[in-house]
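Colleague: What follows is the file my_file19.cif, containing mmCIF, C-alpha atoms:
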```cif
data_model
#
loop_
_atom_site.group_PDB
_atom_site.id
_atom_site.type_symbol
_atom_site.label_atom_id
_atom_site.label_comp_id
_atom_site.auth_asym_id
_atom_site.auth_seq_id
_atom_site.Cartn_x
_atom_site.Cartn_y
_atom_site.Cartn_z
ATOM 1 C CA MET J 1088 8.021 171.871 -2.551
ATOM 2 C CA ASN J 1089 8.536 168.572 -4.373
ATOM 3 C CA HIS J 1090 9.869 165.779 -2.196
ATOM 4 C CA PRO J 1091 11.493 162.641 -3.675
ATOM 5 C CA LEU J 1092 9.066 160.367 -1.814
ATOM 6 C CA GLY J 1093 6.053 162.582 -2.404
ATOM 7 C CA GLN J 1094 3.450 162.889 0.320
ATOM 8 C CA LEU J 1095 3.946 160.631 3.336
ATOM 9 C CA ARG J 1096 1.171 159.043 5.366
ATOM 10 C CA ALA J 1097 1.527 157.263 8.706
ATOM 11 C CA LEU J 1098 0.633 153.571 8.964
ATOM 12 C CA GLU J 1099 0.428 151.355 12.034
ATOM 13 C CA THR J 1100 1.634 147.809 11.423
ATOM 14 C CA ALA J 1101 0.395 144.633 13.104
ATOM 15 C CA ASP J 1102 3.030 144.730 15.844
ATOM 16 C CA GLY J 1103 2.071 148.336 16.673
ATOM 17 C CA SER J 1104 5.184 149.903 15.160
ATOM 18 C CA LEU J 1105 5.057 152.976 12.948
ATOM 19 C CA SER J 1106 5.467 152.768 9.192
ATOM 20 C CA LEU J 1107 4.881 155.222 6.368
ATOM 21 C CA HIS J 1108 3.327 155.176 2.919
ATOM 22 C CA SER J 1109 4.894 157.096 0.025
ATOM 23 C CA ASP J 1110 2.449 158.416 -2.543
ATOM 24 C CA HIS J 1111 5.261 158.864 -5.101
ATOM 25 C CA PHE J 1112 6.017 155.125 -5.067
ATOM 26 C CA ASP J 1113 2.481 154.188 -3.957
ATOM 27 C CA GLU J 1114 4.000 151.737 -1.526
ATOM 28 C CA ALA J 1115 4.478 151.294 2.213
ATOM 29 C CA PHE J 1116 7.911 151.284 3.815
ATOM 30 C CA HIS J 1117 7.280 147.941 5.557
ATOM 31 C CA SER J 1118 5.084 144.863 5.406
ATOM 32 C CA SER J 1119 1.805 145.019 7.290
ATOM 33 C CA ALA J 1120 3.079 142.318 9.689
ATOM 34 C CA GLY J 1121 5.227 144.813 11.528
ATOM 35 C CA ALA J 1122 7.999 147.316 10.859
ATOM 36 C CA LEU J 1123 9.984 146.339 13.946
ATOM 37 C CA GLU J 1124 9.427 142.604 13.509
ATOM 38 C CA GLU J 1125 10.489 142.821 9.882
ATOM 39 C CA ALA J 1126 13.707 144.648 10.814
ATOM 40 C CA GLU J 1127 14.646 142.059 13.405
ATOM 41 C CA ALA J 1128 13.698 138.958 11.398
ATOM 42 C CA LYS J 1129 14.808 139.965 7.912
ATOM 43 C CA PHE J 1130 17.872 142.067 8.675
ATOM 44 C CA VAL J 1131 19.220 141.537 12.200
ATOM 45 C CA ARG J 1132 18.778 137.781 12.510
ATOM 46 C CA PRO J 1133 20.548 136.762 9.271
ATOM 47 C CA ALA J 1134 23.390 139.174 10.084
ATOM 48 C CA GLU J 1135 24.505 136.797 12.869
ATOM 49 C CA LEU J 1136 26.079 139.553 14.943
ATOM 50 C CA LYS J 1137 27.700 137.026 17.254
ATOM 51 C CA ARG J 1138 30.320 136.664 14.514
ATOM 52 C CA PHE J 1139 31.761 140.013 15.566
ATOM 53 C CA SER J 1140 33.633 140.810 18.756
ATOM 54 C CA GLN J 1141 35.428 143.717 20.396
ATOM 55 C CA ALA J 1142 38.574 142.659 18.598
ATOM 56 C CA SER J 1143 36.873 143.318 15.268
ATOM 57 C CA GLU J 1144 35.256 146.211 13.455
ATOM 58 C CA LEU J 1145 31.788 145.936 11.958
ATOM 59 C CA LYS J 1146 31.393 147.925 8.745
ATOM 60 C CA LEU J 1147 27.778 148.385 7.748
ATOM 61 C CA LEU J 1148 25.927 150.127 4.924
ATOM 62 C CA ASP J 1149 22.185 150.791 5.191
ATOM 63 C CA VAL J 1150 20.706 151.437 1.739
ATOM 64 C CA CYS J 1151 17.392 153.303 1.998
ATOM 65 C CA PHE J 1152 17.605 154.088 5.700
ATOM 66 C CA GLY J 1153 13.991 155.319 5.866
ATOM 67 C CA LEU J 1154 12.724 155.632 9.425
ATOM 68 C CA GLY J 1155 15.828 153.891 10.746
ATOM 69 C CA TYR J 1156 14.366 150.603 12.015
ATOM 70 C CA ASN J 1157 16.926 148.307 10.413
ATOM 71 C CA SER J 1158 20.044 150.054 11.667
ATOM 72 C CA ALA J 1159 18.546 150.885 15.060
ATOM 73 C CA ALA J 1160 17.470 147.276 15.601
ATOM 74 C CA LEU J 1161 20.916 146.079 14.606
ATOM 75 C CA MET J 1162 22.655 148.527 16.941
ATOM 76 C CA ARG J 1163 20.366 147.448 19.764
ATOM 77 C CA ALA J 1164 21.177 143.794 19.068
ATOM 78 C CA LEU J 1165 24.973 144.172 19.148
ATOM 79 C CA PRO J 1166 26.600 142.080 21.879
ATOM 80 C CA GLN J 1167 26.850 143.993 25.152
ATOM 81 C CA ILE J 1168 30.107 142.204 25.976
ATOM 82 C CA SER J 1169 33.013 142.463 23.500
ATOM 83 C CA THR J 1170 30.998 144.886 21.368
ATOM 84 C CA PRO J 1171 32.571 145.446 17.940
ATOM 85 C CA LYS J 1172 33.499 148.944 16.824
ATOM 86 C CA LEU J 1173 30.794 150.058 14.396
ATOM 87 C CA GLN J 1174 31.638 151.912 11.204
ATOM 88 C CA TRP J 1175 28.292 152.844 9.666
ATOM 89 C CA TRP J 1176 27.108 154.538 6.490
ATOM 90 C CA GLY J 1177 23.562 155.285 5.392
ATOM 91 C CA LEU J 1178 22.095 156.138 1.992
ATOM 92 C CA GLU J 1179 18.738 157.906 1.945
ATOM 93 C CA VAL J 1180 17.090 160.332 -0.457
ATOM 94 C CA ASP J 1181 14.625 162.023 1.941
ATOM 95 C CA GLN J 1182 15.190 163.334 5.475
ATOM 96 C CA ARG J 1183 11.494 163.399 6.411
ATOM 97 C CA PRO J 1184 10.999 159.727 7.392
ATOM 98 C CA LEU J 1185 13.673 159.963 10.103
ATOM 99 C CA GLU J 1186 12.261 163.279 11.271
ATOM 100 C CA TRP J 1187 8.785 161.730 11.381
ATOM 101 C CA ALA J 1188 10.088 158.777 13.406
ATOM 102 C CA LEU J 1189 11.917 160.956 15.933
ATOM 103 C CA ASN J 1190 8.730 162.960 16.502
ATOM 104 C CA HIS J 1191 6.825 159.740 17.262
ATOM 105 C CA GLN J 1192 7.295 158.886 20.932
ATOM 106 C CA PRO J 1193 6.433 155.164 20.666
ATOM 107 C CA PHE J 1194 9.220 154.854 18.074
ATOM 108 C CA CYS J 1195 11.700 156.621 20.330
ATOM 109 C CA ASP J 1196 10.706 154.423 23.272
ATOM 110 C CA LEU J 1197 11.874 151.325 21.362
ATOM 111 C CA TRP J 1198 15.557 152.189 21.537
ATOM 112 C CA PRO J 1199 18.247 152.475 24.221
ATOM 113 C CA ASN J 1200 19.460 156.028 24.824
ATOM 114 C CA ALA J 1201 22.732 155.430 22.983
ATOM 115 C CA VAL J 1202 20.919 154.274 19.839
ATOM 116 C CA LEU J 1203 18.372 157.093 19.997
ATOM 117 C CA GLN J 1204 21.153 159.649 20.363
ATOM 118 C CA ARG J 1205 22.779 158.333 17.200
ATOM 119 C CA LEU J 1206 19.507 158.653 15.281
ATOM 120 C CA GLU J 1207 19.058 162.204 16.550
ATOM 121 C CA GLN J 1208 22.594 163.130 15.527
ATOM 122 C CA LEU J 1209 22.054 161.663 12.070
ATOM 123 C CA HIS J 1210 19.007 163.882 11.719
ATOM 124 C CA GLN J 1211 20.669 166.992 13.109
ATOM 125 C CA SER J 1212 24.120 166.831 11.583
ATOM 126 C CA GLY J 1213 24.260 163.823 9.273
ATOM 127 C CA GLY J 1214 26.610 161.827 11.454
ATOM 128 C CA TRP J 1215 27.635 160.560 14.879
ATOM 129 C CA ASN J 1216 30.889 159.752 16.606
ATOM 130 C CA ASP J 1217 31.076 158.106 20.010
ATOM 131 C CA CYS J 1218 33.063 155.511 21.928
ATOM 132 C CA GLY J 1219 31.242 152.731 20.057
ATOM 133 C CA GLY J 1220 32.150 153.908 16.566
ATOM 134 C CA GLN J 1221 31.012 156.442 14.020
ATOM 135 C CA GLY J 1222 28.328 156.889 11.419
ATOM 136 C CA THR J 1223 27.817 158.999 8.296
ATOM 137 C CA MET J 1224 24.571 159.649 6.445
ATOM 138 C CA LEU J 1225 24.748 160.500 2.755
ATOM 139 C CA TRP J 1226 21.539 162.242 1.724
ATOM 140 C CA GLY J 1227 20.520 162.112 -1.933
ATOM 141 C CA ASP J 1228 20.601 159.651 -4.855
ATOM 142 C CA ALA J 1229 22.048 156.388 -3.536
ATOM 143 C CA ARG J 1230 23.505 155.538 -6.946
ATOM 144 C CA GLN J 1231 25.777 158.567 -6.854
ATOM 145 C CA ASN J 1232 26.412 158.664 -3.116
ATOM 146 C CA LEU J 1233 27.600 155.061 -3.026
ATOM 147 C CA LYS J 1234 30.693 156.326 -4.834
ATOM 148 C CA ALA J 1235 31.467 158.598 -1.864
ATOM 149 C CA LEU J 1236 32.165 155.670 0.454
ATOM 150 C CA PRO J 1237 35.885 155.163 1.083
ATOM 151 C CA CYS J 1238 37.232 152.781 -1.566
ATOM 152 C CA SER J 1239 39.246 150.977 1.113
ATOM 153 C CA SER J 1240 36.147 150.161 3.162
ATOM 154 C CA GLN J 1241 35.163 146.547 2.671
ATOM 155 C CA LEU J 1242 31.708 146.101 4.138
ATOM 156 C CA ASP J 1243 30.657 143.301 6.463
ATOM 157 C CA LEU J 1244 26.942 143.987 6.082
ATOM 158 C CA ILE J 1245 24.720 145.708 3.550
ATOM 159 C CA LEU J 1246 21.053 146.204 4.385
ATOM 160 C CA LEU J 1247 19.109 146.794 1.158
ATOM 161 C CA ASP J 1248 15.575 148.009 1.837
ATOM 162 C CA ALA J 1249 14.581 150.065 -1.199
ATOM 163 C CA PHE J 1250 11.042 150.220 -2.521
ATOM 164 C CA SER J 1251 10.175 147.213 -4.690
ATOM 165 C CA PRO J 1252 11.902 146.714 -8.073
ATOM 166 C CA GLY J 1253 8.687 147.407 -9.921
ATOM 167 C CA ARG J 1254 8.420 150.800 -8.240
ATOM 168 C CA CYS J 1255 12.079 151.750 -7.841
ATOM 169 C CA PRO J 1256 14.185 149.817 -10.382
ATOM 170 C CA GLN J 1257 17.002 152.370 -10.041
ATOM 171 C CA LEU J 1258 18.173 150.664 -6.842
ATOM 172 C CA TRP J 1259 17.810 147.102 -8.131
ATOM 173 C CA SER J 1260 19.707 147.435 -11.391
ATOM 174 C CA GLU J 1261 22.476 145.100 -12.492
ATOM 175 C CA GLU J 1262 24.924 147.974 -12.161
ATOM 176 C CA PHE J 1263 23.904 149.160 -8.698
ATOM 177 C CA LEU J 1264 23.730 145.644 -7.279
ATOM 178 C CA GLY J 1265 27.103 144.894 -8.811
ATOM 179 C CA ALA J 1266 28.542 148.023 -7.205
ATOM 180 C CA LEU J 1267 27.173 146.943 -3.819
ATOM 181 C CA ALA J 1268 28.565 143.437 -4.245
ATOM 182 C CA SER J 1269 32.001 144.826 -5.081
ATOM 183 C CA ARG J 1270 32.021 146.617 -1.716
ATOM 184 C CA LEU J 1271 31.522 143.438 0.310
ATOM 185 C CA ALA J 1272 34.448 142.039 2.247
ATOM 186 C CA PRO J 1273 35.147 138.300 1.876
ATOM 187 C CA GLY J 1274 32.350 136.692 3.885
ATOM 188 C CA GLY J 1275 30.370 139.940 3.808
ATOM 189 C CA ARG J 1276 26.590 139.711 3.602
ATOM 190 C CA LEU J 1277 23.918 141.626 1.713
ATOM 191 C CA VAL J 1278 20.449 141.169 3.186
ATOM 192 C CA THR J 1279 17.192 142.205 1.549
ATOM 193 C CA TYR J 1280 13.477 141.450 1.756
ATOM 194 C CA CYS J 1281 13.431 141.127 -2.058
ATOM 195 C CA ARG J 1282 13.135 137.704 -3.713
ATOM 196 C CA ALA J 1283 12.695 138.878 -7.318
ATOM 197 C CA ALA J 1284 14.444 136.741 -9.922
ATOM 198 C CA ALA J 1285 15.890 139.824 -11.626
ATOM 199 C CA VAL J 1286 17.573 140.849 -8.375
ATOM 200 C CA ARG J 1287 18.805 137.378 -7.461
ATOM 201 C CA SER J 1288 20.218 136.770 -10.934
ATOM 202 C CA SER J 1289 22.123 140.066 -10.791
ATOM 203 C CA LEU J 1290 23.528 139.244 -7.354
ATOM 204 C CA ARG J 1291 24.608 135.799 -8.544
ATOM 205 C CA ARG J 1292 26.307 137.244 -11.618
ATOM 206 C CA ALA J 1293 28.135 139.592 -9.252
ATOM 207 C CA GLY J 1294 29.669 136.498 -7.682
ATOM 208 C CA LEU J 1295 27.552 136.214 -4.556
ATOM 209 C CA THR J 1296 26.207 133.021 -2.996
ATOM 210 C CA LEU J 1297 22.424 133.074 -2.521
ATOM 211 C CA ARG J 1298 20.172 131.858 0.251
ATOM 212 C CA SER J 1299 16.380 132.188 0.621
ATOM 213 C CA MET J 1300 14.878 133.902 3.647
ATOM 214 C CA LEU J 1301 12.257 132.035 5.661
ATOM 215 C CA PRO J 1302 8.884 133.614 6.593
ATOM 216 C CA ILE J 1303 8.723 135.622 9.800
ATOM 217 C CA THR J 1304 6.199 134.940 12.549
ATOM 218 C CA GLY J 1305 2.716 136.059 11.595
ATOM 219 C CA GLN J 1306 3.568 136.431 7.925
ATOM 220 C CA ARG J 1307 1.654 134.601 5.217
ATOM 221 C CA ILE J 1308 3.512 131.411 4.335
ATOM 222 C CA GLU J 1309 5.157 131.905 0.946
ATOM 223 C CA TRP J 1310 8.012 130.310 -0.950
ATOM 224 C CA SER J 1311 10.508 132.936 0.141
ATOM 225 C CA SER J 1312 10.619 136.063 2.284
ATOM 226 C CA GLY J 1313 13.777 137.608 0.927
ATOM 227 C CA THR J 1314 17.374 137.007 -0.027
ATOM 228 C CA LEU J 1315 20.696 136.626 1.739
ATOM 229 C CA ALA J 1316 23.653 137.131 -0.628
ATOM 230 C CA VAL J 1317 27.191 136.460 0.559
ATOM 231 C CA ASN J 1318 30.631 137.168 -0.868
ATOM 232 C CA PRO J 1319 32.069 133.638 -0.679
ATOM 233 C CA LEU J 1320 34.853 132.945 1.772
ATOM 234 C CA ALA J 1321 36.806 129.834 0.782
ATOM 235 C CA THR J 1322 37.958 129.075 4.317
ATOM 236 C CA ALA J 1323 34.437 129.264 5.774
ATOM 237 C CA PRO J 1324 31.714 128.584 3.168
ATOM 238 C CA LEU J 1325 28.204 129.689 4.029
ATOM 239 C CA ALA J 1326 26.087 126.943 5.574
ATOM 240 C CA ALA J 1327 23.112 125.676 3.595
ATOM 241 C CA GLU J 1328 20.846 126.438 6.561
ATOM 242 C CA GLY J 1329 21.074 129.228 9.109
ATOM 243 C CA PRO J 1330 19.075 131.574 11.330
ATOM 244 C CA GLY J 1331 16.196 132.622 9.111
ATOM 245 C CA TRP J 1332 17.530 131.238 5.840
ATOM 246 C CA THR J 1333 17.790 128.088 3.744
ATOM 247 C CA SER J 1334 19.139 127.045 0.339
ATOM 248 C CA LEU J 1335 17.180 128.049 -2.742
ATOM 249 C CA SER J 1336 14.639 125.387 -3.658
ATOM 250 C CA ALA J 1337 14.441 123.780 -7.098
ATOM 251 C CA MET J 1338 11.506 126.054 -7.828
ATOM 252 C CA GLU J 1339 13.544 129.146 -6.951
ATOM 253 C CA GLU J 1340 16.487 127.960 -9.040
ATOM 254 C CA GLU J 1341 14.207 127.482 -12.036
ATOM 255 C CA HIS J 1342 12.782 130.956 -11.435
ATOM 256 C CA LEU J 1343 16.262 132.298 -12.250
ATOM 257 C CA ASN J 1344 15.983 130.801 -15.747
ATOM 258 C CA THR J 1345 12.738 132.551 -16.678
ATOM 259 C CA ARG J 1346 12.039 135.954 -18.202
ATOM 260 C CA ALA J 1347 11.547 137.277 -14.692
ATOM 261 C CA SER J 1348 15.319 136.961 -14.269
ATOM 262 C CA VAL J 1349 16.068 139.541 -16.966
ATOM 263 C CA PRO J 1350 17.819 142.288 -15.014
ATOM 264 C CA TYR J 1351 17.024 145.937 -14.645
ATOM 265 C CA ARG J 1352 19.737 147.869 -16.478
ATOM 266 C CA ASP J 1353 20.908 151.403 -15.703
ATOM 267 C CA PRO J 1354 24.304 151.683 -17.451
ATOM 268 C CA MET J 1355 25.176 155.217 -16.377
ATOM 269 C CA GLY J 1356 23.355 155.173 -13.050
ATOM 270 C CA ILE J 1357 21.213 158.166 -13.950
ATOM 271 C CA ASP J 1358 18.109 156.806 -15.687
ATOM 272 C CA GLU J 1359 14.575 157.293 -14.428
ATOM 273 C CA ALA J 1360 12.379 154.365 -13.470
ATOM 274 C CA LYS J 1361 10.305 154.451 -16.661
ATOM 275 C CA ILE J 1362 13.355 154.207 -18.916
ATOM 276 C CA ILE J 1363 14.801 151.303 -16.922
ATOM 277 C CA GLN J 1364 11.493 149.460 -16.982
ATOM 278 C CA GLN J 1365 11.036 149.958 -20.732
ATOM 279 C CA ARG J 1366 14.574 148.724 -21.396
ATOM 280 C CA ARG J 1367 13.881 145.551 -19.403
ATOM 281 C CA GLU J 1368 10.534 144.938 -21.104
ATOM 282 C CA ARG J 1369 12.204 145.096 -24.527
ATOM 283 C CA GLU J 1370 14.875 142.625 -23.426
ATOM 284 C CA GLN J 1371 12.242 140.276 -21.992
ATOM 285 C CA GLN J 1372 10.278 140.334 -25.254
ATOM 286 C CA SER J 1373 13.332 139.479 -27.333
ATOM 287 C CA CYS J 1374 14.886 136.810 -25.102
ATOM 288 C CA ASP J 1375 14.340 133.051 -25.479
ATOM 289 C CA LEU J 1376 13.963 132.297 -21.765
ATOM 290 C CA GLU J 1377 10.947 130.411 -20.466
ATOM 291 C CA SER J 1378 7.936 132.570 -19.716
ATOM 292 C CA THR J 1379 7.422 133.205 -16.039
ATOM 293 C CA SER J 1380 3.774 132.202 -16.324
ATOM 294 C CA ALA J 1381 4.803 128.750 -17.592
ATOM 295 C CA TRP J 1382 7.132 128.357 -14.609
ATOM 296 C CA GLN J 1383 4.343 129.400 -12.287
ATOM 297 C CA ARG J 1384 1.828 126.976 -13.786
ATOM 298 C CA ARG J 1385 4.299 124.105 -13.567
ATOM 299 C CA TRP J 1386 4.975 124.636 -9.892
ATOM 300 C CA LEU J 1387 1.322 125.216 -9.101
ATOM 301 C CA MET J 1388 0.650 121.783 -10.583
ATOM 302 C CA HIS J 1389 3.440 120.248 -8.501
ATOM 303 C CA LYS J 1390 2.431 121.936 -5.275
ATOM 304 C CA PRO J 1391 -1.251 122.862 -5.435
ATOM 305 C CA HIS J 1392 -1.459 123.256 -1.666
ATOM 306 C CA LYS J 1393 1.189 125.985 -1.596
ATOM 307 C CA HIS J 1394 0.747 129.691 -2.048
ATOM 308 C CA ALA J 1395 1.118 130.635 -5.707
ATOM 309 C CA PRO J 1396 4.645 131.702 -6.640
ATOM 310 C CA ASN J 1397 5.122 135.412 -7.256
ATOM 311 C CA MET J 1398 5.868 136.097 -10.910
ATOM 312 C CA THR J 1399 8.167 139.082 -10.388
#
```
Starting from the coordinates I provided, produce the structure as structure tokens.

Modeller:
Amino acid sequence: MNHPLGQLRALETADGSLSLHSDHFDEAFHSSAGALEEAEAKFVRPAELKRFSQASELKLLDVCFGLGYNSAALMRALPQISTPKLQWWGLEVDQRPLEWALNHQPFCDLWPNAVLQRLEQLHQSGGWNDCGGQGTMLWGDARQNLKALPCSSQLDLILLDAFSPGRCPQLWSEEFLGALASRLAPGGRLVTYCRAAAVRSSLRRAGLTLRSMLPITGQRIEWSSGTLAVNPLATAPLAAEGPGWTSLSAMEEEHLNTRASVPYRDPMGIDEAKIIQQRREREQQSCDLESTSAWQRRWLMHKPHKHAPNMT
């Protein structure tokens, strides 16, 4: 039987938490620093859950749910007093990672019973409904299943944790990112580990305000560890600095004016990775933007003591 992620192989990350490797994408689900630490630092912390109270409803979409770390960590971190009602949706193409996680006792031991029960119900029936809210998993191609979300649902949080753009451009295209951005409520946040110029430029064109994620503990110091993108709220503009994020540096802003910023395009939302990549390569070759290598050399000269900027 052919699985969308191909063969899976277990990995143990630096913090002892379970991760997986997909042979189809030839990529791990998490950084080697730690699956759990990454979920908490890159997704939970910038969400600033204290913004929500019992009087409010938290609407959350988890794109590429995987083993479930990001949503489980967020559920665990919700305030115990004045807990907001959670309306949750997940998009995932393969049921095996969650099944693998639930069969791994150290993973199960991480979560309170209420959170673990929700994960088990997602696996068994594709949804959960309890006194704290409800959740729905949509299995299959995220590009198509995104359309199944209620049109009236304006999301407070989107967690975007797909495989890297070079491996899975389908979920980083101008069209898909634009569709996600259009689902955000005013003040809503999209959080991702990705710092690629192509992704950031698409999010900015979709009208979102960008911030750069700071490195997590134990991670190699680099110029960015991800992206926070926010649907601007005129009455409460996003602060330049916050928990785990800061404004884009001059180097990062210039990165968005190089060939690396040429977006991935998937006009109908049905193209395979190879077609999307070839389309982008042709556009990069014909554009008059600065080469990414020239940008990299310039900033290496300015900051020789820093880690070399990533060219993607």

Colleague: Which residue is closest to His1090 (chain J)? Choose from J:Glu1207, J:Glu1144, J:Glu1125, J:Asp1181 and count all atoms listed in the file.

Modeller: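 Closest to His1090 (chain J) of all the choices is J:Asp1181.
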
Colleague: Evaluate the PyMOL selection byres ((chain J and resi 1259-1264) around 7) and record the selected residues as a list in words, following the chain and residue labels used in the document.

Modeller: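 So the PyMOL selection byres ((chain J and resi 1259-1264) around 7), applied here, picks out Arg1230, Pro1252, Pro1256, Gln1257, Leu1258, Gly1265, Ala1266, Leu1267, Ala1268, Val1286, Ser1289, Leu1290, Pro1350, Tyr1351, Arg1352, Asp1353 and Pro1354 of chain J.
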
Colleague: List every residue of region 1239-1298 of chain J that has an atom at most 12 Å from any atom of region 1155-1175 of chain J, and for each one report the closest atom pair and its distance in Å to one decimal, counting all atoms listed in the file, with rows sorted by chain and then by increasing residue number, as JSON lines.

Modeller:
```
{"residue": "J:Ser1240", "atom": "CA", "partner": "J:Gln1174", "partner_atom": "CA", "distance": 9.4}
{"residue": "J:Gln1241", "atom": "CA", "partner": "J:Gln1174", "partner_atom": "CA", "distance": 10.7}
{"residue": "J:Leu1242", "atom": "CA", "partner": "J:Gln1174", "partner_atom": "CA", "distance": 9.1}
{"residue": "J:Asp1243", "atom": "CA", "partner": "J:Gln1174", "partner_atom": "CA", "distance": 9.9}
{"residue": "J:Leu1244", "atom": "CA", "partner": "J:Trp1175", "partner_atom": "CA", "distance": 9.6}
{"residue": "J:Ile1245", "atom": "CA", "partner": "J:Trp1175", "partner_atom": "CA", "distance": 10.1}
{"residue": "J:Leu1246", "atom": "CA", "partner": "J:Asn1157", "partner_atom": "CA", "distance": 7.6}
{"residue": "J:Leu1247", "atom": "CA", "partner": "J:Asn1157", "partner_atom": "CA", "distance": 9.6}
{"residue": "J:Asp1248", "atom": "CA", "partner": "J:Asn1157", "partner_atom": "CA", "distance": 8.7}
{"residue": "J:Ala1249", "atom": "CA", "partner": "J:Asn1157", "partner_atom": "CA", "distance": 12.0}
{"residue": "J:Val1278", "atom": "CA", "partner": "J:Asn1157", "partner_atom": "CA", "distance": 10.8}
{"residue": "J:Thr1279", "atom": "CA", "partner": "J:Asn1157", "partner_atom": "CA", "distance": 10.8}
{"residue": "J:Tyr1280", "atom": "CA", "partner": "J:Asn1157", "partner_atom": "CA", "distance": 11.6}
```

Colleague: Using only C-alpha atoms, find the one residue out of J:Arg1276, J:Arg1287, J:His1210, J:Arg1254 that sits nearest to Ala1347 (chain J).

Modeller: J:Arg1287

Colleague: Specify as a list in words each residue included when the PyMOL selection byres ((chain J and resi 1344) around 10) is applied to this file.

Modeller: Ala1284, Ala1285, Ser1288, Glu1339, Glu1340, Glu1341, His1342, Leu1343, Thr1345, Arg1346, Ala1347, Ser1348, Val1349, Leu1376, Glu1377, Ser1378, Thr1379 and Trp1382 of chain J

Colleague: Could the residues in this selection be saved with C-alpha atoms as a PDB file, in the coordinates of the input?

Modeller:
```
ATOM      1  CA  ALA J1284      14.444 136.741  -9.922  1.00  0.00           C
ATOM      2  CA  ALA J1285      15.890 139.824 -11.626  1.00  0.00           C
ATOM      3  CA  SER J1288      20.218 136.770 -10.934  1.00  0.00           C
ATOM      4  CA  GLU J1339      13.544 129.146  -6.951  1.00  0.00           C
ATOM      5  CA  GLU J1340      16.487 127.960  -9.040  1.00  0.00           C
ATOM      6  CA  GLU J1341      14.207 127.482 -12.036  1.00  0.00           C
ATOM      7  CA  HIS J1342      12.782 130.956 -11.435  1.00  0.00           C
ATOM      8  CA  LEU J1343      16.262 132.298 -12.250  1.00  0.00           C
ATOM      9  CA  THR J1345      12.738 132.551 -16.678  1.00  0.00           C
ATOM     10  CA  ARG J1346      12.039 135.954 -18.202  1.00  0.00           C
ATOM     11  CA  ALA J1347      11.547 137.277 -14.692  1.00  0.00           C
ATOM     12  CA  SER J1348      15.319 136.961 -14.269  1.00  0.00           C
ATOM     13  CA  VAL J1349      16.068 139.541 -16.966  1.00  0.00           C
ATOM     14  CA  LEU J1376      13.963 132.297 -21.765  1.00  0.00           C
ATOM     15  CA  GLU J1377      10.947 130.411 -20.466  1.00  0.00           C
ATOM     16  CA  SER J1378       7.936 132.570 -19.716  1.00  0.00           C
ATOM     17  CA  THR J1379       7.422 133.205 -16.039  1.00  0.00           C
ATOM     18  CA  TRP J1382       7.132 128.357 -14.609  1.00  0.00           C
TER      19      TRP J1382
END
```

Colleague: With distances taken over all atoms listed in the file, which residue among J:Ala1128, J:Arg1366, J:Leu1154, J:Gly1274 lies nearest Glu1186 (chain J)?

Modeller: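 Nearest to Glu1186 (chain J): J:Leu1154.
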
Colleague: Find, counting all atoms listed in the file, the residue in J:Phe1130, J:Trp1198, J:Trp1386, J:Trp1226 that gets nearest to Trp1176 (chain J).

Modeller: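 Closest residue, counting all atoms listed in the file: J:Trp1226.
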
Colleague: Quick one: residues within 10 Å of region 1231-1239 of chain J, all atoms listed in the file counted, chain neighbours fewer than 4 positions away excluded, as a VMD selection string?

Modeller: chain J and resid 1148 1150 1176 to 1180 1223 to 1227 1263 1266 to 1267 1270 1356 to 1357

Colleague: Could you pull the residues within 8 Å of Thr1333 (chain J), counting all atoms listed in the file, minus those fewer than 5 positions along the same chain, as a short mmCIF file (atom, residue, chain, number, x, y, z; two decimals) with C-alpha atoms, in the coordinates of the input?

Modeller:
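Printed below is part31.cif as written:
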```cif
data_model
loop_
_atom_site.label_atom_id
_atom_site.label_comp_id
_atom_site.auth_asym_id
_atom_site.auth_seq_id
_atom_site.Cartn_x
_atom_site.Cartn_y
_atom_site.Cartn_z
CA ARG J 1298 20.17 131.86 0.25
CA SER J 1299 16.38 132.19 0.62
CA MET J 1300 14.88 133.90 3.65
CA LEU J 1301 12.26 132.04 5.66
CA ALA J 1327 23.11 125.68 3.60
CA GLU J 1328 20.85 126.44 6.56
#
```

Colleague: Step by step, work through what the PyMOL selection byres ((chain J and resi 1101) around 10) selects in the shown file, and finish by giving those residues as a PDB file with C-alpha atoms, keeping the file's coordinate frame.

Modeller:
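The resulting file, selection_3.pdb, is shown below:
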```pdb
ATOM      1  CA  LEU J1098       0.633 153.571   8.964  1.00  0.00           C
ATOM      2  CA  GLU J1099       0.428 151.355  12.034  1.00  0.00           C
ATOM      3  CA  THR J1100       1.634 147.809  11.423  1.00  0.00           C
ATOM      4  CA  ASP J1102       3.030 144.730  15.844  1.00  0.00           C
ATOM      5  CA  GLY J1103       2.071 148.336  16.673  1.00  0.00           C
ATOM      6  CA  SER J1104       5.184 149.903  15.160  1.00  0.00           C
ATOM      7  CA  LEU J1105       5.057 152.976  12.948  1.00  0.00           C
ATOM      8  CA  SER J1118       5.084 144.863   5.406  1.00  0.00           C
ATOM      9  CA  SER J1119       1.805 145.019   7.290  1.00  0.00           C
ATOM     10  CA  ALA J1120       3.079 142.318   9.689  1.00  0.00           C
ATOM     11  CA  GLY J1121       5.227 144.813  11.528  1.00  0.00           C
ATOM     12  CA  ALA J1122       7.999 147.316  10.859  1.00  0.00           C
ATOM     13  CA  LEU J1123       9.984 146.339  13.946  1.00  0.00           C
ATOM     14  CA  GLU J1124       9.427 142.604  13.509  1.00  0.00           C
ATOM     15  CA  GLY J1305       2.716 136.059  11.595  1.00  0.00           C
TER      16      GLY J1305
END
```

Colleague: Select, from J:Pro1184, J:Leu1147, J:Phe1152, J:Glu1127, the residue with the minimum atom-to-atom distance to Gly1093 (chain J), counting all atoms listed in the file.

Modeller: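 So, comparing all the options, the nearest one is J:Pro1184.
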